[in-house]
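Printed here is work_8.txt (compact mmCIF, C-alpha atoms):
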```txt
# COMPACT_ATOMS: atom_id res chain seq x y z
CA MET A 6 98.96 24.15 291.56
CA ARG A 7 99.60 20.98 289.48
CA VAL A 8 96.71 18.92 288.30
CA ARG A 9 97.26 15.30 289.37
CA ASP A 10 96.66 12.41 287.00
CA GLN A 11 95.02 10.05 289.49
CA GLY A 12 91.81 9.44 291.40
CA HIS A 13 88.39 10.84 290.69
CA THR A 14 89.20 14.48 291.58
CA TRP A 15 91.83 15.76 289.20
CA MET A 16 91.66 19.50 289.62
CA ILE A 17 91.62 21.32 292.96
CA VAL A 18 91.09 24.94 292.09
CA ALA A 19 88.18 25.63 294.41
CA SER A 20 90.30 26.81 297.33
CA ILE A 21 92.14 29.35 295.19
CA CYS A 22 88.90 30.64 293.72
CA LEU A 23 87.31 30.93 297.16
CA LEU A 24 90.28 32.91 298.33
CA LEU A 25 90.25 35.21 295.33
CA GLU A 26 86.59 35.60 294.56
CA GLY A 27 84.43 34.28 297.40
CA TRP A 28 83.01 31.39 295.45
CA ALA A 29 84.41 28.27 293.82
CA LEU A 30 84.64 26.75 290.41
CA HIS A 31 82.78 23.46 290.28
CA VAL A 32 84.77 20.64 288.77
CA VAL A 33 84.06 17.02 288.06
CA GLY A 34 85.96 13.75 287.83
CA SER A 35 89.02 12.85 285.85
CA SER A 36 87.26 11.30 282.87
CA PRO A 37 87.68 13.68 279.87
CA ALA A 38 84.23 12.65 278.64
CA ARG A 39 82.72 13.94 281.89
CA TRP A 40 85.09 16.85 282.47
CA ARG A 41 84.80 18.70 279.17
CA PRO A 42 81.00 19.09 278.97
CA ALA A 43 80.96 20.35 282.57
CA LEU A 44 83.47 23.16 282.02
CA ALA A 45 82.90 24.06 278.34
CA VAL A 46 79.70 25.98 278.99
CA GLN A 47 76.56 25.85 276.88
CA ASP A 48 75.78 29.23 275.37
CA GLU A 49 72.91 31.20 276.92
CA PRO A 50 71.59 33.98 274.63
CA ASP A 51 70.83 36.41 277.48
CA ALA A 52 74.30 35.93 278.98
CA HIS A 53 75.95 36.25 275.56
CA ALA A 54 74.04 39.53 275.09
CA LEU A 55 75.70 40.82 278.30
CA TYR A 56 79.10 39.86 276.91
CA ASN A 57 78.35 41.69 273.65
CA ALA A 58 77.12 44.72 275.61
CA MET A 59 80.50 44.89 277.36
CA ILE A 60 82.36 44.94 274.04
CA GLN A 61 79.96 47.54 272.63
CA ALA A 62 80.31 49.73 275.71
CA MET A 63 84.07 49.87 275.17
CA GLN A 64 83.85 50.47 271.44
CA LYS A 65 81.13 53.14 271.56
CA ALA A 66 82.85 55.28 274.19
CA GLN A 67 84.74 58.33 272.93
CA SER A 68 87.16 58.11 275.82
CA LEU A 69 87.80 55.60 278.58
CA SER A 70 90.23 55.61 281.47
CA TYR A 71 90.73 53.23 284.37
CA THR A 72 93.30 51.65 286.66
CA SER A 73 93.74 47.90 286.35
CA ARG A 74 95.34 45.85 289.12
CA CYS A 75 96.20 42.29 288.07
CA THR A 76 97.17 39.71 290.69
CA ARG A 77 98.03 36.03 290.94
CA PRO A 78 98.12 33.68 293.92
CA ASP A 79 101.94 33.87 294.05
CA ASP A 80 101.54 37.52 295.20
CA ARG A 81 102.83 39.03 291.96
CA THR A 82 100.92 42.17 291.04
CA CYS A 83 100.96 44.29 287.90
CA THR A 84 99.28 47.71 287.88
CA TYR A 85 98.14 49.43 284.69
CA HIS A 86 96.93 53.01 284.25
CA VAL A 87 94.96 53.13 281.01
CA SER A 88 93.79 56.19 279.05
CA LEU A 89 92.05 55.67 275.69
CA LYS A 90 90.62 58.23 273.29
CA LYS A 91 89.15 58.16 269.80
CA PRO A 92 90.23 58.05 267.05
CA GLY A 93 93.52 56.31 267.90
CA LEU A 94 95.08 57.71 271.05
CA LEU A 95 96.17 55.69 274.05
CA SER A 96 98.45 55.75 277.05
CA VAL A 97 99.15 52.65 279.12
CA THR A 98 101.66 52.79 281.96
CA MET A 99 102.56 49.64 283.86
CA THR A 100 104.55 48.62 286.91
CA ASN A 101 105.49 45.29 288.42
CA ASP A 102 104.71 46.07 292.05
CA PRO A 103 106.47 46.98 294.27
CA SER A 104 108.99 48.23 291.68
CA THR A 105 108.78 51.93 290.85
CA ARG A 106 110.10 51.50 287.31
CA ILE A 107 107.40 52.48 284.81
CA THR A 108 106.97 51.04 281.33
CA SER A 109 104.85 53.22 279.03
CA LEU A 110 103.01 52.49 275.80
CA LEU A 111 101.68 55.55 274.00
CA SER A 112 100.00 56.05 270.65
CA ASP A 113 99.62 59.38 268.88
CA GLY A 114 97.32 57.77 266.32
CA ALA A 115 100.06 56.93 263.84
CA HIS A 116 102.84 55.39 265.93
CA LEU A 117 103.12 53.29 269.06
CA TRP A 118 105.93 54.36 271.38
CA THR A 119 107.35 52.21 274.18
CA TYR A 120 109.72 53.71 276.74
CA TRP A 121 110.86 53.39 280.36
CA SER A 122 111.35 55.63 283.36
CA GLY A 123 114.80 54.08 283.97
CA ASP A 124 116.76 51.16 282.57
CA ARG A 125 114.48 48.90 280.60
CA PRO A 126 113.78 45.38 281.89
CA VAL A 127 115.19 42.27 280.26
CA LEU A 128 112.75 41.25 277.54
CA ARG A 129 112.09 37.81 276.12
CA VAL A 130 114.07 38.47 272.95
CA ASP A 131 117.16 39.81 274.74
CA THR A 132 120.61 38.28 274.74
CA GLU A 133 122.99 39.14 277.57
CA ASP A 134 125.33 41.22 275.40
CA GLY A 135 122.48 42.88 273.53
CA TYR A 136 120.78 43.94 276.74
CA GLU A 137 123.88 45.55 278.19
CA GLN A 138 124.26 47.66 275.06
CA THR A 139 120.64 48.82 274.92
CA ARG A 140 119.41 48.94 278.50
CA SER A 141 119.45 52.74 278.97
CA ASN A 142 117.99 55.80 277.19
CA VAL A 143 116.20 53.84 274.48
CA TYR A 144 112.68 53.71 273.13
CA MET A 145 110.77 51.58 270.64
CA LYS A 146 108.64 52.96 267.82
CA LYS A 147 106.38 51.15 265.37
CA GLY A 148 103.36 51.86 263.22
CA PHE A 149 99.98 51.92 264.95
CA ILE A 150 96.76 50.77 263.29
CA PRO A 151 93.89 51.32 265.77
CA ALA A 152 91.75 48.38 264.64
CA GLU A 153 94.69 45.97 264.44
CA THR A 154 97.40 46.84 266.96
CA SER A 155 96.95 44.96 270.24
CA VAL A 156 98.25 46.41 273.49
CA GLN A 157 97.84 43.03 275.16
CA SER A 158 99.95 41.33 272.49
CA GLU A 159 102.68 43.96 272.77
CA ILE A 160 102.89 43.38 276.51
CA THR A 161 102.74 39.60 276.31
CA CYS A 162 105.04 38.89 273.35
CA LEU A 163 107.94 40.93 274.72
CA ARG A 164 106.99 40.40 278.41
CA LEU A 165 106.95 44.12 279.15
CA ALA A 166 105.32 43.16 282.46
CA TRP A 167 105.06 39.91 284.44
CA PHE A 168 101.70 39.31 282.82
CA GLY A 169 99.33 41.37 280.71
CA PRO A 170 95.78 42.54 281.41
CA ILE A 171 93.08 39.94 280.85
CA LEU A 172 90.89 42.26 278.81
CA ASP A 173 92.75 43.87 275.92
CA PRO A 174 92.47 47.70 276.07
CA SER A 175 92.67 47.70 272.26
CA LEU A 176 89.05 46.51 272.09
CA PHE A 177 88.25 50.21 272.64
CA HIS A 178 89.78 51.03 269.23
CA GLY A 179 88.01 48.17 267.47
CA ALA A 180 90.72 45.52 267.57
CA ALA A 181 89.30 42.02 267.40
CA ASP A 182 89.43 39.76 270.43
CA PRO A 183 91.88 37.01 269.33
CA LEU A 184 89.89 34.47 271.37
CA GLU A 185 86.54 35.28 269.73
CA SER A 186 86.85 32.45 267.22
CA CYS A 187 87.57 29.98 270.05
CA LEU A 188 84.61 30.98 272.25
CA ASP A 189 82.61 27.94 273.44
CA GLY A 190 79.77 29.82 275.09
CA VAL A 191 78.66 32.34 277.71
CA ARG A 192 76.45 31.61 280.69
CA SER A 193 75.12 33.61 283.60
CA ARG A 194 76.47 33.19 287.10
CA GLY A 195 73.66 35.33 288.47
CA PRO A 196 73.29 38.83 289.89
CA TYR A 197 75.83 40.12 292.37
CA ARG A 198 75.94 43.09 294.70
CA MET A 199 79.26 44.60 295.69
CA GLY A 200 80.06 47.97 297.22
CA GLY A 201 76.44 49.06 297.00
CA GLU A 202 76.35 48.47 293.22
CA ASP A 203 74.50 45.85 291.17
CA TYR A 204 76.41 43.54 288.84
CA ASP A 205 75.77 40.77 286.36
CA VAL A 206 78.33 37.96 286.53
CA ILE A 207 78.97 35.93 283.39
CA GLU A 208 81.23 32.97 282.67
CA VAL A 209 82.92 32.72 279.26
CA SER A 210 84.56 29.50 278.11
CA TYR A 211 87.17 29.31 275.34
CA GLN A 212 88.93 26.46 273.56
CA LYS A 213 86.70 23.82 275.16
CA ALA A 214 87.45 25.12 278.65
CA ARG A 215 91.20 25.37 278.19
CA ARG A 216 90.58 28.98 279.27
CA THR A 217 87.67 30.34 281.32
CA ARG A 218 86.93 33.97 282.19
CA TYR A 219 84.45 35.45 284.66
CA PHE A 220 83.29 39.06 284.28
CA TRP A 221 81.61 41.16 287.00
CA LEU A 222 79.76 43.71 284.82
CA LEU A 223 78.44 46.86 286.45
CA ARG A 224 74.84 47.23 285.31
CA LYS A 225 74.90 50.98 284.90
CA ASP A 226 77.66 51.01 282.24
CA HIS A 227 78.11 47.31 281.26
CA LEU A 228 81.86 47.52 281.92
CA PRO A 229 83.75 45.09 284.17
CA ARG A 230 85.05 45.96 287.60
CA ARG A 231 86.47 42.51 288.18
CA ILE A 232 87.66 39.79 285.80
CA LYS A 233 88.96 36.37 286.70
CA GLU A 234 90.76 34.07 284.27
CA VAL A 235 91.59 30.39 284.77
CA LEU A 236 94.11 29.05 282.27
CA ARG A 237 94.38 25.27 282.45
CA GLY A 238 97.86 24.23 281.34
CA ALA A 239 100.45 21.88 282.76
CA GLU A 240 99.93 24.01 285.87
CA ASN A 241 96.74 26.02 286.32
CA GLU A 242 97.14 29.80 286.27
CA VAL A 243 94.56 32.00 287.98
CA THR A 244 94.67 35.75 287.36
CA VAL A 245 92.35 38.40 288.78
CA GLU A 246 92.02 41.86 287.21
CA GLU A 247 90.26 44.62 289.16
CA TRP A 248 89.26 47.95 287.63
CA SER A 249 89.02 51.18 289.60
CA ASP A 250 88.71 54.91 288.84
CA VAL A 251 86.68 54.11 285.71
CA ALA A 252 85.69 57.17 283.66
CA VAL A 253 83.64 56.89 280.47
CA ASN A 254 83.69 59.88 278.08
CA GLY A 255 85.62 61.93 280.60
CA GLU A 256 88.15 64.60 279.75
CA ILE A 257 91.66 63.24 279.06
CA PRO A 258 94.26 66.04 278.80
CA GLN A 259 96.11 66.06 275.49
CA LYS A 260 99.46 66.19 277.29
CA ALA A 261 98.66 62.80 278.81
CA LEU A 262 98.61 61.34 275.29
CA ALA A 263 101.76 62.98 273.91
CA TRP A 264 105.44 62.08 274.20
CA SER A 265 108.68 62.77 272.38
CA PRO A 266 112.11 61.22 273.01
CA PRO A 267 114.36 63.20 275.36
CA GLU A 268 117.59 64.53 273.95
CA GLY A 269 120.24 61.86 273.71
CA TRP A 270 117.81 58.94 273.56
CA ARG A 271 117.96 56.53 270.62
CA GLN A 272 115.44 54.29 268.94
CA TRP A 273 115.90 50.59 269.59
CA THR A 274 114.39 47.80 267.55
CA PRO A 275 114.27 44.53 269.46
CA PRO A 276 115.56 41.49 267.61
CA ALA A 277 112.90 39.42 265.88
CA PRO A 278 112.05 36.15 267.65
CA GLU A 279 113.43 34.22 264.66
CA VAL A 280 116.94 35.53 265.39
CA SER A 281 117.45 33.01 268.19
CA LEU A 282 116.28 29.97 266.18
CA LEU A 283 118.80 27.38 265.01
CA ARG A 284 120.34 28.18 261.64
CA GLU A 285 120.46 25.98 258.57
CA GLY A 286 123.12 23.29 258.93
CA HIS A 287 123.03 23.35 262.72
CA LYS A 288 122.70 19.97 264.44
CA ALA A 289 119.23 19.54 265.96
CA PRO A 290 119.53 18.78 269.72
CA ASP A 291 118.68 15.18 270.51
CA PHE A 292 116.05 14.29 273.11
CA THR A 293 114.20 11.43 274.76
CA LEU A 294 110.96 12.72 276.28
CA GLN A 295 107.54 11.59 277.45
CA SER A 296 105.07 10.73 274.69
CA ALA A 297 101.39 11.61 274.49
CA GLN A 298 100.81 8.07 273.26
CA ARG A 299 102.68 6.61 276.30
CA GLY A 300 106.32 5.58 276.29
CA LYS A 301 109.03 7.90 274.99
CA VAL A 302 109.75 9.87 271.84
CA ARG A 303 113.41 9.74 270.77
CA LEU A 304 114.64 12.09 268.08
CA ALA A 305 117.44 9.66 267.18
CA ASP A 306 114.84 7.07 266.13
CA TYR A 307 113.94 9.28 263.14
CA HIS A 308 117.42 9.74 261.72
CA GLY A 309 117.36 8.67 258.10
CA LYS A 310 114.05 10.46 257.45
CA VAL A 311 113.11 14.04 256.74
CA LEU A 312 111.56 15.32 259.97
CA TRP A 313 109.03 18.08 260.62
CA LEU A 314 109.31 18.97 264.33
CA TYR A 315 106.24 20.97 265.34
CA PHE A 316 106.01 22.86 268.65
CA TRP A 317 102.39 23.58 269.66
CA ASP A 318 99.93 24.08 272.49
CA THR A 319 96.17 24.01 272.83
CA ALA A 320 95.88 27.72 273.65
CA SER A 321 96.97 28.66 270.12
CA ALA A 322 94.17 28.96 267.57
CA GLN A 323 96.79 28.64 264.82
CA CYS A 324 97.95 25.30 266.20
CA ARG A 325 94.39 24.03 266.38
CA GLU A 326 93.96 24.91 262.70
CA GLU A 327 97.26 23.43 261.56
CA ILE A 328 97.30 20.10 263.41
CA PRO A 329 94.60 18.50 261.16
CA ALA A 330 96.62 19.52 258.09
CA LEU A 331 99.76 17.97 259.57
CA GLN A 332 97.86 14.75 260.22
CA LYS A 333 96.82 14.62 256.54
CA LEU A 334 100.43 15.22 255.51
CA HIS A 335 101.54 12.45 257.86
CA GLU A 336 99.05 10.00 256.34
CA GLU A 337 100.18 10.83 252.80
CA TYR A 338 103.96 10.83 253.33
CA LYS A 339 104.66 8.60 256.36
CA ASP A 340 105.81 5.82 254.04
CA LYS A 341 107.60 8.17 251.64
CA GLY A 342 110.40 9.44 253.87
CA LEU A 343 108.67 12.12 255.97
CA ALA A 344 108.22 11.90 259.74
CA ILE A 345 106.27 14.42 261.82
CA ILE A 346 106.80 14.85 265.56
CA GLY A 347 104.59 17.14 267.66
CA PHE A 348 106.14 18.79 270.71
CA ASN A 349 104.05 20.18 273.59
CA CYS A 350 105.66 21.19 276.90
CA THR A 351 102.99 23.54 278.26
CA ASP A 352 99.63 21.75 278.42
CA ASN A 353 97.87 19.55 280.89
CA ARG A 354 98.03 16.00 279.53
CA ARG A 355 94.26 15.45 279.53
CA ILE A 356 93.55 18.65 277.63
CA ALA A 357 96.27 18.06 275.04
CA ARG A 358 95.38 14.40 274.53
CA ALA A 359 91.72 15.34 274.06
CA LEU A 360 92.68 17.64 271.18
CA LEU A 361 94.83 14.90 269.63
CA ARG A 362 91.96 12.43 269.87
CA GLU A 363 89.50 14.89 268.30
CA ASN A 364 91.78 15.26 265.29
CA LYS A 365 92.62 11.53 265.15
CA VAL A 366 96.32 12.39 265.33
CA THR A 367 98.58 9.38 264.85
CA PHE A 368 101.98 11.02 264.39
CA PRO A 369 104.19 10.78 267.50
CA THR A 370 103.89 13.67 269.92
CA VAL A 371 106.03 14.77 272.83
CA LEU A 372 103.78 15.71 275.75
CA ASP A 373 106.15 16.56 278.56
CA SER A 374 106.02 19.59 280.87
CA SER A 375 109.26 18.79 282.71
CA ASP A 376 112.02 21.36 283.08
CA VAL A 377 114.12 19.29 280.67
CA ALA A 378 111.49 19.59 277.92
CA THR A 379 110.83 23.28 278.57
CA ASN A 380 114.55 24.14 278.55
CA LEU A 381 115.00 22.17 275.34
CA MET A 382 112.38 24.31 273.60
CA HIS A 383 113.53 27.66 274.98
CA THR A 384 117.30 27.10 274.92
CA GLY A 385 118.09 24.04 272.81
CA TYR A 386 115.79 25.07 269.96
CA GLY A 387 116.17 28.80 270.57
CA SER A 388 112.54 29.71 271.23
CA ARG A 389 113.18 32.31 273.93
CA THR A 390 109.70 33.79 273.50
CA GLY A 391 107.84 30.47 273.67
CA ILE A 392 105.75 31.52 270.64
CA VAL A 393 103.86 28.71 268.92
CA PRO A 394 103.42 27.28 266.43
CA LEU A 395 107.13 26.80 265.74
CA SER A 396 108.30 24.46 262.99
CA TYR A 397 111.69 22.91 262.25
CA ILE A 398 112.58 20.90 259.14
CA ILE A 399 115.44 18.48 259.89
CA ASP A 400 117.27 16.39 257.27
CA PRO A 401 118.03 12.66 257.56
CA GLN A 402 121.45 13.44 259.08
CA GLY A 403 119.83 15.47 261.87
CA LYS A 404 120.70 18.93 260.54
CA VAL A 405 118.30 21.89 260.44
CA MET A 406 117.12 22.84 256.96
CA GLY A 407 114.52 25.46 257.92
CA ALA A 408 112.72 27.02 260.90
CA TRP A 409 109.82 29.45 261.23
CA TYR A 410 107.12 30.71 263.55
CA GLY A 411 103.45 30.84 262.73
CA HIS A 412 100.79 29.16 260.63
CA GLY A 413 100.09 29.84 256.99
CA GLN A 414 103.69 30.52 256.00
CA ASP A 415 104.63 30.84 252.34
CA PRO A 416 104.02 27.31 250.96
CA GLU A 417 106.99 27.66 248.61
CA ARG A 418 109.26 28.32 251.58
CA ILE A 419 108.04 25.15 253.30
CA LEU A 420 108.35 23.07 250.14
CA ALA A 421 111.86 24.40 249.55
CA ALA A 422 112.93 23.42 253.07
CA LEU A 423 111.46 19.94 252.66
CA ARG A 424 113.14 19.44 249.29
CA LYS A 425 116.43 20.75 250.65
CA ALA A 426 116.15 18.14 253.39
CA GLY A 427 115.78 15.48 250.69
CA LEU A 428 112.06 14.82 250.47
CA GLU A 429 110.63 14.17 247.02
CA LEU A 430 107.18 15.75 246.88
CA ALA A 431 104.38 15.08 244.45
CA GLN A 432 103.70 17.97 242.09
```
Show the structure stored in the file as structure tokens.
Amino acid sequence: MRVRDQGHTWMIVASICLLLEGWALHVVGSSPARWRPALAVQDEPDAHALYNAMIQAMQKAQSLSYTSRCTRPDDRTCTYHVSLKKPGLLSVTMTNDPSTRITSLLSDGAHLWTYWSGDRPVLRVDTEDGYEQTRSNVYMKKGFIPAETSVQSEITCLRLAWFGPILDPSLFHGAADPLESCLDGVRSRGPYRMGGEDYDVIEVSYQKARRTRYFWLLRKDHLPRRIKEVLRGAENEVTVEEWSDVAVNGEIPQKALAWSPPEGWRQWTPPAPEVSLLREGHKAPDFTLQSAQRGKVRLADYHGKVLWLYFWDTASAQCREEIPALQKLHEEYKDKGLAIIGFNCTDNRRIARALLRENKVTFPTVLDSSDVATNLMHTGYGSRTGIVPLSYIIDPQGKVMGAWYGHGQDPERILAALRKAGLELAQ
């Protein structure tokens, strides 16, 4: 469902939520000043204690198993069978229903194995030729650190399934919730009775309501049996995760947590996301796209300057941290040969523009969720995974001098790319 930029009612999610959950989200008018306080919830200590109790219940358990069924309104369904055991054992099998092909993630405490019951699916990092050569009888293997490795991230970054579970199973092993630093607050949605059991329902807001989650927590064990997530982007995404067959501290057979490659199989290492980025000396694709500040942003208008092209979205904590630093750089070097252009093709305009206003951003920013803009990022600029932040340094002749993913890269690498592009920097 697309949020419309007109009238007093700008978001119609109530019907979907009624269909999925039996009650609606309450939304307000289009004014950002009115909208944000209504959805970014004020923290309630008692409700936050329930949220903390859920995390503690997962982390204190010696074993935990459950079946997770994740659905979206477009009828896509992913089913996960999860088995977790201390100190660092896990087994997660997943299917994109109604397919019978199974993708498995398994940790023996030292390594994380990924393998398939048949030909593997096409992953985000695949090229056509590369896939044909590695589609059968392969597995992936990497180091596993219980408190750091995220099952949810593994699933999402490579797109091992249509979409990952809302609640990361790796919380069981002590991995940090990547959204914890962006949590706005937790509030109660009241008691709830379902299937003869008593629940507490809480609402958790992140990133100033860019993302909202609802947890139905069973009172007797503090674990969820239903989770709903609303992700407010260029198009709203609603996902529902339902847990069943939950067993806390139950017996998990050792054979369920062990695997070794069959004879004839070979280890496959997927290409790094950076492999598909434009190389140094390559001509940066031109574009004319919708601006956040109204009008258009044209890449050709910045020929003759060193350009930092920065792909971002509001869901990324790294982007939220880096944008203020880019604004300071823009203020210092805008008259010294450096231009900065932001590029966002995923967010709702109101949400993205609110973040730009909060950080007093004055550098030009593409804010365009059209297919043209999306294809330019994924194909033209080689970001098949859609990972952000993504930075390109482009010289005055329009040629790429450097490209990288992530925030907090080696400063010397960034300075070298800028100097190579011709920018004289103060020491």
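Restricting the calculation to only C-alpha atoms, the smallest distance between A:Ile107 and any of A:Arg77, A:Arg284, A:Ala166, A:Glu49 is found for A:Ala166.
What separates atom CA of A:Ala152 from atom CA of A:Ala66 is a distance of 14.8 Å.
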Query raised in the report: What separation in Å, quoted to one decimal, exists between atom CA of A:Lys91 and atom CA of A:Ala263?
Result: 14.1 Å
Could you list, as a PDB file with C-alpha atoms, in the coordinates of the input, every residue within 10 Å of A:Leu283, counting only C-alpha atoms and ignoring same-chain residues fewer than 6 positions away?
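Heads up, here's the output in around_26.pdb:
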```pdb
ATOM      1  CA  ALA A 289     119.230  19.540 265.960  1.00  0.00           C
ATOM      2  CA  PRO A 290     119.530  18.780 269.720  1.00  0.00           C
ATOM      3  CA  GLY A 385     118.090  24.040 272.810  1.00  0.00           C
ATOM      4  CA  TYR A 386     115.790  25.070 269.960  1.00  0.00           C
ATOM      5  CA  GLY A 387     116.170  28.800 270.570  1.00  0.00           C
ATOM      6  CA  SER A 388     112.540  29.710 271.230  1.00  0.00           C
ATOM      7  CA  TYR A 397     111.690  22.910 262.250  1.00  0.00           C
ATOM      8  CA  LYS A 404     120.700  18.930 260.540  1.00  0.00           C
ATOM      9  CA  VAL A 405     118.300  21.890 260.440  1.00  0.00           C
ATOM     10  CA  MET A 406     117.120  22.840 256.960  1.00  0.00           C
ATOM     11  CA  GLY A 407     114.520  25.460 257.920  1.00  0.00           C
ATOM     12  CA  ALA A 408     112.720  27.020 260.900  1.00  0.00           C
ATOM     13  CA  TRP A 409     109.820  29.450 261.230  1.00  0.00           C
TER      14      TRP A 409
END
```
**Report entry** Coordinates-based distance that separates atom CA of A:Val243 from atom CA of A:Cys324 (Å, one decimal)
**Finding:** 23.0 Å
Query raised in the report: For A:Gly309, which residue among A:Trp248, A:Asn364, A:Arg325, A:Gly403 is the nearest when counting all atoms listed in the file?
Result: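 That would be A:Gly403, the residue with the smallest distance to A:Gly309.
Considering only C-alpha atoms, the residue among A:Gly286, A:Arg194, A:Trp317, A:Thr384 positioned nearest to A:Gln402 is A:Gly286.
The neighbours of A:Leu381 here are the residues that come within 12 Å of it, using all atoms listed in the file and leaving out any residue fewer than 6 positions away in the same chain; they are A:Ala289, A:Pro290, A:Asp291, A:Phe292, A:Thr293, A:Leu294, A:Phe316, A:Phe348, A:Asn349, A:Cys350, A:Val371, A:Asp373, A:Ser374, A:Ser375, A:Gly387, A:Ser388, A:Arg389, A:Gly391.
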Requested in this report: Please provide as a PyMOL selection string all residues within 8 Å of A:Val311, with the sequence filter that same-chain residues fewer than 6 positions apart are discarded (counting all atoms listed in the file).
Outcome: chain A and resi 342-344+398-401+423+426-428
Report task. Please return, as a VMD selection string, all polymer residues that have at least one atom within 9 Å of the point (96.2, 26.0, 284.6); use only C-alpha atoms and the file's own coordinate frame. Result -> chain A and resid 6 to 8 215 to 216 235 to 243 352 to 353
Query raised in the report: Which of these, A:Trp167, A:Asp182, A:Trp264, A:Gly195, has the shortest distance to A:Ser109 once you count only C-alpha atoms?
Result: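 Residue with the minimum atom-to-atom distance to A:Ser109: A:Trp264.
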